[in-house]
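Trainee: Below is the file query.csv, which contains CSV, C-alpha atoms.
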```
chain,number,residue,atom,x,y,z
A,760,MET,CA,0.0,0.0,0.0
A,761,ALA,CA,1.4,3.4,-1.0
A,762,LYS,CA,2.1,5.6,2.0
A,763,SER,CA,1.1,8.7,0.2
A,764,ALA,CA,-0.7,9.8,-2.9
A,765,THR,CA,-1.3,13.2,-4.5
A,766,LYS,CA,-4.0,14.6,-6.7
A,767,THR,CA,-3.8,18.1,-8.2
A,768,ILE,CA,-6.9,19.7,-9.5
A,769,PRO,CA,-7.7,23.1,-11.1
A,770,SER,CA,-9.7,25.4,-8.7
A,771,LYS,CA,-13.1,24.5,-10.1
A,772,THR,CA,-16.1,23.1,-8.2
A,773,GLY,CA,-16.7,20.7,-11.1
A,774,LYS,CA,-13.6,18.8,-9.8
A,775,LEU,CA,-15.0,18.2,-6.3
A,776,LEU,CA,-16.5,14.8,-7.2
A,777,GLU,CA,-13.1,13.6,-8.5
A,778,VAL,CA,-11.6,14.8,-5.2
A,779,ARG,CA,-14.2,12.9,-3.1
A,780,GLU,CA,-13.7,9.8,-5.1
A,781,PHE,CA,-9.9,9.9,-4.8
A,782,VAL,CA,-10.0,10.5,-1.0
A,783,ALA,CA,-12.7,7.9,-0.5
A,784,SER,CA,-10.8,5.2,-2.4
A,785,GLU,CA,-7.6,5.9,-0.3
A,786,ALA,CA,-9.6,5.9,2.9
A,787,ARG,CA,-11.2,2.6,2.0
A,788,ASP,CA,-7.8,1.1,1.3
A,789,PHE,CA,-6.6,2.2,4.7
A,790,GLY,CA,-9.5,0.3,6.4
A,791,PHE,CA,-12.0,2.9,7.4
A,792,SER,CA,-15.7,2.1,7.7
A,793,ASP,CA,-18.2,3.4,5.2
A,794,GLU,CA,-19.3,6.0,7.7
A,795,ASP,CA,-15.8,7.3,8.3
A,796,ILE,CA,-15.0,7.2,4.5
A,797,SER,CA,-18.1,9.5,4.0
A,798,LYS,CA,-17.0,11.8,6.8
A,799,ILE,CA,-13.4,12.2,5.4
A,800,ALA,CA,-14.6,12.8,1.8
A,801,LEU,CA,-17.1,15.4,3.0
A,802,ALA,CA,-14.4,17.2,5.1
A,803,VAL,CA,-12.0,17.3,2.2
A,804,ASP,CA,-14.8,18.6,-0.1
A,805,GLU,CA,-15.5,21.4,2.5
A,806,ALA,CA,-11.8,22.3,2.6
A,807,CYS,CA,-11.5,22.5,-1.2
A,808,THR,CA,-14.8,24.4,-1.5
A,809,ASN,CA,-13.6,27.0,0.9
A,810,ILE,CA,-10.3,27.3,-1.0
A,811,ILE,CA,-12.1,27.8,-4.3
A,812,ARG,CA,-14.6,30.3,-2.9
A,813,HIS,CA,-12.4,32.3,-0.5
A,814,ALA,CA,-8.7,31.7,-1.2
A,815,TYR,CA,-9.1,31.8,-5.0
A,816,GLN,CA,-12.3,33.8,-5.0
A,817,ASN,CA,-13.9,31.5,-7.6
A,818,ASN,CA,-11.0,32.1,-10.1
A,819,PRO,CA,-10.7,28.7,-11.9
A,820,ASP,CA,-7.1,29.2,-13.1
A,821,HIS,CA,-5.3,28.1,-9.9
A,822,GLU,CA,-4.4,24.7,-8.5
A,823,ILE,CA,-5.2,22.7,-5.3
A,824,ALA,CA,-2.9,19.8,-4.4
A,825,ILE,CA,-4.5,17.1,-2.2
A,826,THR,CA,-2.1,14.7,-0.6
A,827,VAL,CA,-3.1,11.6,1.4
A,828,GLU,CA,-0.6,10.4,3.9
A,829,LYS,CA,-1.1,7.0,5.6
A,830,LYS,CA,0.6,6.9,8.9
A,831,LYS,CA,0.6,3.9,11.3
A,832,ASP,CA,-2.5,4.9,13.3
A,833,ARG,CA,-3.9,7.7,11.3
A,834,PHE,CA,-4.9,9.1,7.9
A,835,GLU,CA,-3.8,12.7,7.1
A,836,VAL,CA,-5.0,14.8,4.2
A,837,SER,CA,-2.9,17.8,3.3
A,838,ILE,CA,-4.7,20.3,1.0
A,839,VAL,CA,-2.4,23.0,-0.4
A,840,ASP,CA,-3.3,26.2,-2.2
A,841,GLU,CA,-1.5,29.4,-3.2
A,842,GLY,CA,-4.4,31.8,-2.6
A,843,ARG,CA,-5.4,34.3,0.0
A,844,ARG,CA,-4.4,33.0,3.4
A,845,PHE,CA,-7.2,31.9,5.7
A,846,ASP,CA,-6.7,33.0,9.3
A,847,PRO,CA,-8.7,30.7,11.5
A,848,SER,CA,-8.3,33.0,14.5
A,849,MET,CA,-10.5,35.5,12.7
A,850,LEU,CA,-13.4,33.1,12.8
A,851,LYS,CA,-15.4,33.3,16.0
A,852,PRO,CA,-16.5,30.1,17.6
A,853,LEU,CA,-19.7,29.1,16.0
A,854,ASN,CA,-22.9,29.0,18.1
A,855,LEU,CA,-24.7,26.6,15.7
A,856,LYS,CA,-28.3,27.2,16.9
A,857,GLU,CA,-27.9,31.0,16.9
A,858,HIS,CA,-26.1,30.8,13.5
A,859,LEU,CA,-28.9,28.8,11.9
A,860,THR,CA,-31.8,30.8,13.4
A,861,ARG,CA,-30.2,33.9,11.8
A,862,TYR,CA,-30.0,32.0,8.5
A,863,ARG,CA,-26.3,32.6,8.1
A,864,ARG,CA,-24.6,30.3,5.6
A,865,GLY,CA,-20.9,31.1,6.1
A,866,GLY,CA,-18.7,29.2,8.4
A,867,LEU,CA,-20.6,25.9,8.2
A,868,GLY,CA,-17.9,24.2,6.2
A,869,VAL,CA,-15.3,24.9,8.9
A,870,TYR,CA,-17.6,23.7,11.6
A,871,LEU,CA,-18.3,20.5,9.7
A,872,MET,CA,-14.6,19.8,9.1
A,873,LYS,CA,-13.9,20.1,12.8
A,874,THR,CA,-16.9,17.9,13.6
A,875,LEU,CA,-16.1,15.2,11.1
A,876,MET,CA,-12.3,14.9,11.6
A,877,ASP,CA,-10.1,14.4,14.7
A,878,LYS,CA,-7.8,17.3,14.0
A,879,VAL,CA,-7.9,20.4,11.6
A,880,GLU,CA,-4.7,22.4,11.3
A,881,TYR,CA,-3.9,25.5,9.2
A,882,ASN,CA,-0.2,25.9,8.2
A,883,SER,CA,1.7,28.5,6.3
A,884,LEU,CA,4.3,26.6,4.2
A,885,GLY,CA,6.2,29.6,2.8
A,886,ASP,CA,6.3,30.6,-0.9
A,887,LYS,CA,2.8,31.9,-0.3
A,888,ARG,CA,1.5,28.4,0.1
A,889,ASN,CA,-1.2,27.5,2.6
A,890,GLU,CA,-2.0,24.1,4.0
A,891,VAL,CA,-5.1,22.7,5.6
A,892,ARG,CA,-4.2,19.4,7.3
A,893,LEU,CA,-7.1,17.1,8.2
A,894,THR,CA,-6.4,14.1,10.4
A,895,LYS,CA,-8.5,11.0,11.2
A,896,TYR,CA,-7.4,8.2,13.5
A,897,LEU,CA,-8.2,4.7,12.5
A,898,HIS,CA,-9.2,3.8,16.0
A,899,PRO,CA,-10.0,7.0,17.8
A,900,VAL,CA,-9.3,7.3,21.5
A,901,ARG,CA,-11.6,9.7,23.3
A,902,SER,CA,-8.8,11.4,25.3
A,903,ARG,CA,-7.0,12.3,22.0
A,904,ARG,CA,-9.7,14.7,21.0
B,773,MET,CA,-23.8,9.2,-14.4
B,774,SER,CA,-25.6,12.5,-14.3
B,775,GLU,CA,-24.3,14.7,-11.6
B,776,PHE,CA,-27.5,16.3,-10.2
B,777,LYS,CA,-31.0,16.7,-11.3
B,778,VAL,CA,-34.1,18.5,-9.9
B,779,ASN,CA,-37.5,17.3,-11.0
B,780,HIS,CA,-40.3,19.7,-10.2
B,781,ARG,CA,-44.0,18.6,-10.0
B,782,ASP,CA,-47.0,20.2,-8.5
B,783,GLY,CA,-49.4,18.6,-6.0
B,784,GLU,CA,-52.6,20.1,-4.6
B,785,GLY,CA,-51.5,23.2,-2.8
B,786,PHE,CA,-47.8,22.3,-2.7
B,787,SER,CA,-44.9,21.8,-5.1
B,788,VAL,CA,-42.6,18.8,-4.9
B,789,LEU,CA,-38.9,18.9,-5.8
B,790,GLU,CA,-37.3,15.5,-6.3
B,791,LEU,CA,-33.5,15.7,-5.9
B,792,LYS,CA,-31.3,13.2,-7.6
B,793,GLY,CA,-27.5,12.7,-7.4
B,794,TYR,CA,-25.1,14.8,-5.5
B,795,LEU,CA,-25.6,18.3,-4.1
B,796,ASP,CA,-22.3,20.1,-3.6
B,797,ALA,CA,-20.8,23.6,-4.4
B,798,HIS,CA,-20.9,22.7,-8.1
B,799,THR,CA,-24.5,21.6,-8.3
B,800,ALA,CA,-26.0,23.9,-5.6
B,801,PRO,CA,-26.7,26.7,-8.1
B,802,ASP,CA,-29.1,24.4,-10.0
B,803,LEU,CA,-31.2,24.0,-6.9
B,804,GLU,CA,-31.0,27.8,-6.2
B,805,THR,CA,-32.4,28.5,-9.7
B,806,THR,CA,-35.3,26.1,-9.0
B,807,PHE,CA,-36.1,27.7,-5.7
B,808,GLN,CA,-35.9,31.2,-7.2
B,809,LYS,CA,-38.4,30.1,-9.8
B,810,LEU,CA,-40.8,28.7,-7.2
B,811,LEU,CA,-40.7,32.0,-5.3
B,812,THR,CA,-41.2,34.1,-8.4
B,813,ASP,CA,-44.3,31.9,-9.2
B,814,LYS,CA,-45.4,32.5,-5.6
B,815,LYS,CA,-45.2,28.8,-4.7
B,816,PHE,CA,-44.3,28.8,-1.1
B,817,ASN,CA,-45.4,25.3,0.0
B,818,ILE,CA,-42.5,23.2,-1.0
B,819,ILE,CA,-41.7,19.5,-0.3
B,820,VAL,CA,-38.1,18.4,-1.1
B,821,ASN,CA,-38.0,14.7,-1.7
B,822,CYS,CA,-34.4,13.5,-1.0
B,823,LYS,CA,-35.0,9.8,-2.0
B,824,ASP,CA,-32.3,9.8,-4.7
B,825,LEU,CA,-30.0,12.4,-3.2
B,826,THR,CA,-26.8,10.5,-2.6
B,827,TYR,CA,-24.6,13.3,-1.2
B,828,ILE,CA,-24.9,16.7,0.3
B,829,SER,CA,-22.2,19.2,1.5
B,830,SER,CA,-22.7,22.5,3.4
B,831,ALA,CA,-23.0,24.3,0.0
B,832,GLY,CA,-26.1,22.3,-0.6
B,833,LEU,CA,-27.5,22.9,2.9
B,834,GLY,CA,-26.9,26.6,2.3
B,835,VAL,CA,-29.5,26.7,-0.4
B,836,PHE,CA,-32.2,25.6,2.0
B,837,MET,CA,-31.0,28.3,4.4
B,838,ALA,CA,-31.0,31.0,1.7
B,839,TYR,CA,-34.7,30.5,1.0
B,840,ILE,CA,-36.4,29.3,4.2
B,841,GLU,CA,-36.8,32.8,5.6
B,842,ASP,CA,-38.6,34.2,2.5
B,843,VAL,CA,-40.7,31.1,2.2
B,844,ARG,CA,-41.9,31.3,5.8
B,845,LYS,CA,-42.5,35.1,5.5
B,846,ASN,CA,-45.0,34.2,2.9
B,847,ARG,CA,-46.7,31.6,5.2
B,848,GLY,CA,-45.2,28.7,3.3
B,849,ASP,CA,-42.6,26.1,4.3
B,850,ILE,CA,-39.8,23.8,3.0
B,851,LYS,CA,-40.4,20.3,4.3
B,852,LEU,CA,-37.8,17.6,3.7
B,853,THR,CA,-38.6,14.0,3.1
B,854,ASN,CA,-37.1,10.5,2.3
B,855,MET,CA,-33.6,11.2,3.4
B,856,SER,CA,-31.0,8.3,3.5
B,857,PRO,CA,-29.2,7.9,6.8
B,858,LYS,CA,-26.0,9.3,5.2
B,859,VAL,CA,-27.7,12.5,4.0
B,860,TYR,CA,-29.7,12.9,7.3
B,861,ASN,CA,-26.5,12.6,9.3
B,862,VAL,CA,-25.1,15.8,7.6
B,863,PHE,CA,-28.4,17.7,8.2
B,864,ASP,CA,-28.2,16.5,11.8
B,865,LEU,CA,-24.6,17.5,12.4
B,866,LEU,CA,-25.6,21.0,11.4
B,867,GLY,CA,-28.6,21.1,13.6
B,868,PHE,CA,-31.1,21.3,10.8
B,869,PRO,CA,-33.8,19.1,12.5
B,870,VAL,CA,-34.4,21.9,15.0
B,871,LEU,CA,-35.3,24.4,12.2
B,872,TYR,CA,-36.7,22.2,9.4
B,873,GLU,CA,-39.5,19.7,9.4
B,874,ILE,CA,-38.1,16.4,8.2
B,875,TYR,CA,-40.5,13.6,7.4
B,876,LYS,CA,-40.2,9.9,6.6
B,877,ASP,CA,-42.0,10.2,3.3
B,878,GLU,CA,-43.7,12.7,1.0
B,879,GLN,CA,-47.2,11.6,2.1
B,880,GLU,CA,-46.5,12.7,5.7
B,881,ALA,CA,-45.3,16.1,4.5
B,882,ALA,CA,-48.3,16.5,2.2
B,883,THR,CA,-50.7,15.7,5.1
B,884,LYS,CA,-49.0,18.3,7.2
B,885,PHE,CA,-49.4,20.9,4.5
B,886,ARG,CA,-53.1,20.1,4.1
B,887,GLN,CA,-53.7,20.4,7.9
B,888,GLN,CA,-51.9,23.8,7.8
B,889,MET,CA,-54.0,25.0,4.9
B,890,LYS,CA,-57.2,24.0,6.6
B,891,LYS,CA,-56.2,26.1,9.7
B,892,GLY,CA,-55.6,28.9,7.2
```
Can you give me the file's structure in the form of structure tokens?
Mentor:
Amino acid sequence: MAKSATKTIPSKTGKLLEVREFVASEARDFGFSDEDISKIALAVDEACTNIIRHAYQNNPDHEIAITVEKKKDRFEVSIVDEGRRFDPSMLKPLNLKEHLTRYRRGGLGVYLMKTLMDKVEYNSLGDKRNEVRLTKYLHPVRSRR
Amino acid sequence: MSEFKVNHRDGEGFSVLELKGYLDAHTAPDLETTFQKLLTDKKFNIIVNCKDLTYISSAGLGVFMAYIEDVRKNRGDIKLTNMSPKVYNVFDLLGFPVLYEIYKDEQEAATKFRQQMKKG
């Protein structure tokens, strides 16, 4: 089993299905349940959607690199862009009920990513590259969260 | 495989949207267009049948959020039905069951609309 695999896509929402299929197939190989596979694919979709909409502001002429890394006990997905940097500290913690009752659409993707994965990190890689790194443990331990 | 399809039909006093395929940031604009048309036609009682909806992301959920306020202001509602457990799970994670009526099948949602119409 390859330890890592990369897929690079143009920054178009029409490529999201391909990304979900790529990540789901890798997650299946790693041994995740169908439920976890769906969660990982959705989290990666949300990350790419945010990059397309916000980092690249819907400009389709850029690239997003999605790399799956299979570690001993965990599955990590690195999603790299060269767009506007997202500063997670700018995002207030989301009060879901209040958010929804005011019919606000933004921020739901970030909330979902955090809920679906064990860890969500934002890294600045230099050369204007930004990374979102999503981690899911194969056998989660409650204390790890 | 077709990506996403919305089939629109009208019942007595309500409209039904049947969703098929996957609803993500790419296909959400198609559903927005359909909702926009319903609102322009003053059709505010809407049942969304999710039987053949295989996938939804927050971009898809955002469409329901964009229109529910206008629909309810006009004394209508968006009622969701026939969700697969996988799709329901995403709605549930985002707290939608508190704000939206979700029914097992279309019949239940239609009955509810009829009761509401009787009350006037």
Trainee: Could you please determine the separation between atom CA of B:Asn817 and atom CA of B:Phe863 in Å, to one decimal place?
Mentor: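 Computed distance, atom CA of B:Asn817 to atom CA of B:Phe863, equals 20.3 Å.
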Trainee: For chain A, which residue out of B:Glu804, B:Glu784, B:Asp813, B:Glu841 is the nearest one, using only C-alpha atoms?
Mentor: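 Smallest separation from chain A among the options: B:Glu841.
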Trainee: For chain B, which of A:Leu801, A:Glu880, A:Val891, A:Cys807 is the closest residue, counting all atoms listed in the file?
Mentor: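 Under the stated criterion, the closest residue is A:Leu801.
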Trainee: Choose the residue, out of A:Ser848, A:Thr826, A:Thr772, A:Thr874, that has the smallest atom-to-atom separation from B:Ala800; count only C-alpha atoms.
Mentor: A:Thr772
Trainee: List the neighbours of B:Leu865 out to 12 Å using all atoms listed in the file; skip same-chain residues closer than 6 positions along the sequence, and give me the result as a VMD selection string.
Mentor: (chain A and resid 798 855 to 856 867 to 868 870 to 875) or (chain B and resid 829 to 830 833 858 to 859)
Trainee: Would you compute the distance between atom CA of B:Leu791 and atom CA of B:Phe776? Give it in Å to one decimal.
Mentor: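 Between these atoms lies a distance of 7.4 Å.
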Trainee: Any idea what the distance is between atom CA of A:Ile810 and atom CA of A:Glu822?
Mentor: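 Atom CA of A:Glu822 lies at a distance of 9.9 Å from atom CA of A:Ile810.
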Trainee: For B:Gln879, which of B:Ile819, B:Ile828, B:Leu811, B:Ile840 is the closest residue, counting all atoms listed in the file?
Mentor: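 Closest candidate: B:Ile819.
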Trainee: Residues of chain B near chain A: apply a cut-off of 7 Å, count all atoms listed in the file, and supply the list as a list in words.
Mentor: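 Here they are: Ala797, His798, Ser829, Ser830, Gly834, Met837, Ala838 and Gly867 of chain B.
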Trainee: With only C-alpha atoms as the basis for distance, which of A:Glu835, A:Lys830, A:Lys887, A:Tyr881 is at the shortest distance from A:Pro847?
Mentor: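 Closest to A:Pro847 of all the choices is A:Tyr881.
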Trainee: I'd like the contact shell of stretch 842-845 of chain A - 7 Å cut-off, all atoms listed in the file, skipping same-chain residues fewer than 2 positions apart - returned as a list in words.
Mentor: Ala814, Tyr815, Asp840, Pro847 and Asn889 of chain A
Trainee: Could you check which residues have any atom within 12 Å of (-42.6, 25.1, 3.2), counting only C-alpha atoms with coordinates taken straight from the file, and then list them as a ChimeraX atom specification?
Mentor: /B:785-789,807,810-811,814-820,836,839-853,871-874,881-882,884-886,888-889
Trainee: Applying 8 Å and only C-alpha atoms, which residues near A:Lys762 remain after dropping the ones on its own chain fewer than 3 positions away? List them as a ChimeraX atom specification.
Mentor: /A:827-830
